[in-house]
>>> print(open('structure-v3.pdb').read())   # PDB, C-alpha atoms
ATOM      1  CA  MET A   1     -60.906-116.381 203.693
ATOM      2  CA  GLU A   2     -58.816-115.336 200.729
ATOM      3  CA  LYS A   3     -55.470-113.581 201.043
ATOM      4  CA  TYR A   4     -56.704-110.140 199.926
ATOM      5  CA  ASP A   5     -60.309-110.186 201.196
ATOM      6  CA  TYR A   6     -59.582-107.414 203.698
ATOM      7  CA  VAL A   7     -58.492-105.134 200.836
ATOM      8  CA  PHE A   8     -61.754-105.684 198.979
ATOM      9  CA  ARG A   9     -63.779-105.037 202.150
ATOM     10  CA  TRP A  10     -61.781-101.833 202.677
ATOM     11  CA  LEU A  11     -62.358-100.667 199.093
ATOM     12  CA  LYS A  12     -66.070-101.429 199.396
ATOM     13  CA  LYS A  13     -66.708 -99.880 202.828
ATOM     14  CA  ALA A  14     -64.194 -97.038 203.142
ATOM     15  CA  THR A  15     -65.153 -93.476 202.404
ATOM     16  CA  LYS A  16     -63.350 -91.725 199.572
ATOM     17  CA  PRO A  17     -60.984 -89.906 202.003
ATOM     18  CA  GLU A  18     -60.293 -93.229 203.750
ATOM     19  CA  ARG A  19     -59.232 -94.744 200.422
ATOM     20  CA  HIS A  20     -56.834 -91.857 199.812
ATOM     21  CA  ILE A  21     -54.420 -92.856 202.560
ATOM     22  CA  GLU A  22     -50.900 -91.481 202.551
ATOM     23  CA  GLU A  23     -49.408 -94.879 201.651
ATOM     24  CA  MET A  24     -51.612 -95.051 198.552
ATOM     25  CA  GLU A  25     -50.584 -91.540 197.501
ATOM     26  CA  THR A  26     -46.912 -92.495 197.864
ATOM     27  CA  PHE A  27     -47.511 -95.725 195.959
ATOM     28  CA  ALA A  28     -49.188 -93.808 193.113
ATOM     29  CA  LYS A  29     -46.184 -91.501 192.778
ATOM     30  CA  LYS A  30     -43.633 -94.327 192.893
ATOM     31  CA  HIS A  31     -45.519 -96.786 190.654
ATOM     32  CA  PRO A  32     -47.842 -94.776 188.369
ATOM     33  CA  ILE A  33     -48.453 -97.549 185.815
ATOM     34  CA  ILE A  34     -49.312-100.179 188.436
ATOM     35  CA  PHE A  35     -51.447 -97.607 190.259
ATOM     36  CA  MET A  36     -53.427 -96.817 187.100
ATOM     37  CA  LYS A  37     -54.235-100.523 186.681
ATOM     38  CA  PHE A  38     -55.188-100.743 190.361
ATOM     39  CA  HIS A  39     -57.365 -97.629 190.151
ATOM     40  CA  LYS A  40     -59.175 -98.831 187.031
ATOM     41  CA  GLU A  41     -60.061-102.198 188.584
ATOM     42  CA  SER A  42     -60.743-100.928 192.101
ATOM     43  CA  SER A  43     -63.447 -98.571 190.853
ATOM     44  CA  SER A  44     -65.531-101.635 189.908
ATOM     45  CA  ILE A  45     -65.057-103.021 193.427
ATOM     46  CA  VAL A  46     -66.430 -99.776 194.864
ATOM     47  CA  LYS A  47     -69.229 -99.420 192.306
ATOM     48  CA  TYR A  48     -70.700-102.913 191.881
ATOM     49  CA  ASP A  49     -72.229-105.553 194.118
ATOM     50  CA  GLU A  50     -70.022-108.508 195.095
ATOM     51  CA  ASN A  51     -72.098-110.865 192.933
ATOM     52  CA  ASP A  52     -71.894-108.676 189.836
ATOM     53  CA  SER A  53     -69.749-110.071 187.009
ATOM     54  CA  LYS A  54     -67.866-106.750 186.720
ATOM     55  CA  TYR A  55     -66.960-106.913 190.420
ATOM     56  CA  ILE A  56     -65.833-110.534 190.127
ATOM     57  CA  LYS A  57     -63.713-109.843 187.032
ATOM     58  CA  SER A  58     -62.066-106.816 188.670
ATOM     59  CA  LYS A  59     -61.397-108.792 191.839
ATOM     60  CA  GLU A  60     -59.629-111.473 189.783
ATOM     61  CA  GLU A  61     -57.575-108.822 187.958
ATOM     62  CA  LEU A  62     -56.617-107.125 191.229
ATOM     63  CA  ILE A  63     -55.534-110.411 192.807
ATOM     64  CA  LYS A  64     -53.275-110.992 189.777
ATOM     65  CA  LEU A  65     -51.923-107.443 190.056
ATOM     66  CA  PHE A  66     -51.252-107.818 193.798
ATOM     67  CA  ASN A  67     -49.503-111.154 193.278
ATOM     68  CA  GLN A  68     -47.346-109.853 190.414
ATOM     69  CA  ASN A  69     -46.374-106.716 192.363
ATOM     70  CA  GLU A  70     -46.367-107.993 195.925
ATOM     71  CA  GLU A  71     -43.306-106.035 197.063
ATOM     72  CA  GLU A  72     -44.572-102.770 195.575
ATOM     73  CA  PHE A  73     -48.011-103.137 197.200
ATOM     74  CA  LYS A  74     -46.650-104.271 200.576
ATOM     75  CA  PRO A  75     -46.650-100.815 202.285
ATOM     76  CA  VAL A  76     -50.210-100.118 201.111
ATOM     77  CA  LEU A  77     -51.541-103.525 202.130
ATOM     78  CA  GLU A  78     -49.906-103.319 205.545
ATOM     79  CA  ALA A  79     -51.336 -99.821 206.056
ATOM     80  CA  VAL A  80     -54.830-101.038 205.198
ATOM     81  CA  LYS A  81     -54.464-103.925 207.676
ATOM     82  CA  SER A  82     -53.254-101.685 210.482
ATOM     83  CA  LYS A  83     -55.530 -98.658 209.963
ATOM     84  CA  PHE A  84     -58.851-100.322 209.150
ATOM     85  CA  ASN A  85     -60.690-103.151 210.802
ATOM     86  CA  TYR A  86     -62.590-104.639 207.886
TER      87      TYR A  86
END
>>> encode(input="structure-v3.pdb", output="structure tokens")
Amino acid sequence: MEKYDYVFRWLKKATKPERHIEEMETFAKKHPIIFMKFHKESSSIVKYDENDSKYIKSKEELIKLFNQNEEEFKPVLEAVKSKFNY
């Protein structure tokens, strides 16, 4: 299992309100540029099948974004782990 698989499962399976968790809202306010990149790529995760090239490309971009901004994403990623069992 890859490091961020649980995040992709959450994005894919969560309802829209479940994706709008408080930690994500706070993150968006604190880091608007990183959030915009995340939002752009995450929409493909929600929209396309896991085998679709658009999904795969977005997943790769998100992994890069998470790795480059690990500290900034930490509260969001920990919230996803603790609140959702994907």
>>> atom_distance(input="structure-v3.pdb", atom1="CA of Tyr6 (chain A)", atom2="CA of Val80 (chain A)")
8.1 Å
>>> residues_around(input="structure-v3.pdb", residues="region 65-74 of chain A", least_positions_apart="3", cutoff="8 Å", atoms="all atoms listed in the file", output="list in words")
Phe27, His31, Ile34, Phe38, Glu61, Leu62, Leu77 and Glu78 of chain A
>>> closest_residue(input="structure-v3.pdb", among="A:Val46, A:Ile56, A:Ala14, A:Ile21", to="Ala79 (chain A)", atoms="all atoms listed in the file")
A:Ile21
>>> resolve_selection(input="structure-v3.pdb", expression="the PyMOL selection byres ((chain A and resi 10) around 12)", output="VMD selection string")
chain A and resid 4 to 9 11 to 21 42 45 to 46 76 to 77 79 to 86
>>> closest_residue(input="structure-v3.pdb", among="A:Lys64, A:Glu25, A:Lys3, A:Ser58", to="Lys40 (chain A)", atoms="all atoms listed in the file")
A:Ser58
>>> atom_distance(input="structure-v3.pdb", atom1="CA of Pro75 (chain A)", atom2="CA of Glu22 (chain A)")
10.3 Å
>>> atom_distance(input="structure-v3.pdb", atom1="CA of Lys37 (chain A)", atom2="CA of Asn51 (chain A)")
21.6 Å
>>> axis_aligned_box(input="structure-v3.pdb", around="region 3-12 of chain A", padding_each_side="8 Å", output="JSON")
{"center_x": -60.8, "center_y": -107.1, "center_z": 201.3, "size_x": 26.6, "size_y": 28.9, "size_z": 20.7}
>>> closest_residue(input="structure-v3.pdb", among="A:Pro32, A:Glu41, A:Tyr48, A:Met24", to="Glu60 (chain A)", atoms="all atoms listed in the file")
A:Glu41
>>> build_atoms(input="structure-v3.pdb", residues="region 64-80 of chain A", atoms="N, CA and C atoms", output="CSV table (one decimal), in the frame of the given file")
chain,number,residue,atom,x,y,z
A,64,LYS,N,-54.4,-110.8,190.7
A,64,LYS,CA,-53.3,-111.0,189.8
A,64,LYS,C,-52.3,-109.9,189.9
A,65,LEU,N,-52.8,-108.6,189.9
A,65,LEU,CA,-51.9,-107.4,190.1
A,65,LEU,C,-51.2,-107.4,191.4
A,66,PHE,N,-51.9,-107.7,192.5
A,66,PHE,CA,-51.3,-107.8,193.8
A,66,PHE,C,-50.2,-108.9,193.8
A,67,ASN,N,-50.5,-110.1,193.3
A,67,ASN,CA,-49.5,-111.2,193.3
A,67,ASN,C,-48.3,-110.8,192.4
A,68,GLN,N,-48.5,-110.2,191.3
A,68,GLN,CA,-47.3,-109.9,190.4
A,68,GLN,C,-46.5,-108.7,191.0
A,69,ASN,N,-47.1,-107.9,191.8
A,69,ASN,CA,-46.4,-106.7,192.4
A,69,ASN,C,-46.4,-106.7,193.9
A,70,GLU,N,-46.2,-107.8,194.5
A,70,GLU,CA,-46.4,-108.0,195.9
A,70,GLU,C,-45.5,-107.0,196.7
A,71,GLU,N,-44.2,-106.9,196.3
A,71,GLU,CA,-43.3,-106.0,197.1
A,71,GLU,C,-43.7,-104.6,197.0
A,72,GLU,N,-44.2,-104.2,195.8
A,72,GLU,CA,-44.6,-102.8,195.6
A,72,GLU,C,-45.8,-102.4,196.4
A,73,PHE,N,-46.8,-103.4,196.5
A,73,PHE,CA,-48.0,-103.1,197.2
A,73,PHE,C,-47.9,-103.3,198.7
A,74,LYS,N,-46.8,-103.9,199.2
A,74,LYS,CA,-46.6,-104.3,200.6
A,74,LYS,C,-46.9,-103.1,201.5
A,75,PRO,N,-46.4,-101.9,201.4
A,75,PRO,CA,-46.6,-100.8,202.3
A,75,PRO,C,-48.1,-100.4,202.3
A,76,VAL,N,-48.8,-100.5,201.2
A,76,VAL,CA,-50.2,-100.1,201.1
A,76,VAL,C,-51.0,-101.2,201.8
A,77,LEU,N,-50.8,-102.4,201.5
A,77,LEU,CA,-51.5,-103.5,202.1
A,77,LEU,C,-51.4,-103.6,203.6
A,78,GLU,N,-50.2,-103.3,204.1
A,78,GLU,CA,-49.9,-103.3,205.5
A,78,GLU,C,-50.6,-102.1,206.2
A,79,ALA,N,-50.6,-101.0,205.5
A,79,ALA,CA,-51.3,-99.8,206.1
A,79,ALA,C,-52.8,-100.1,206.2
A,80,VAL,N,-53.4,-100.7,205.2
A,80,VAL,CA,-54.8,-101.0,205.2
A,80,VAL,C,-55.1,-102.0,206.4
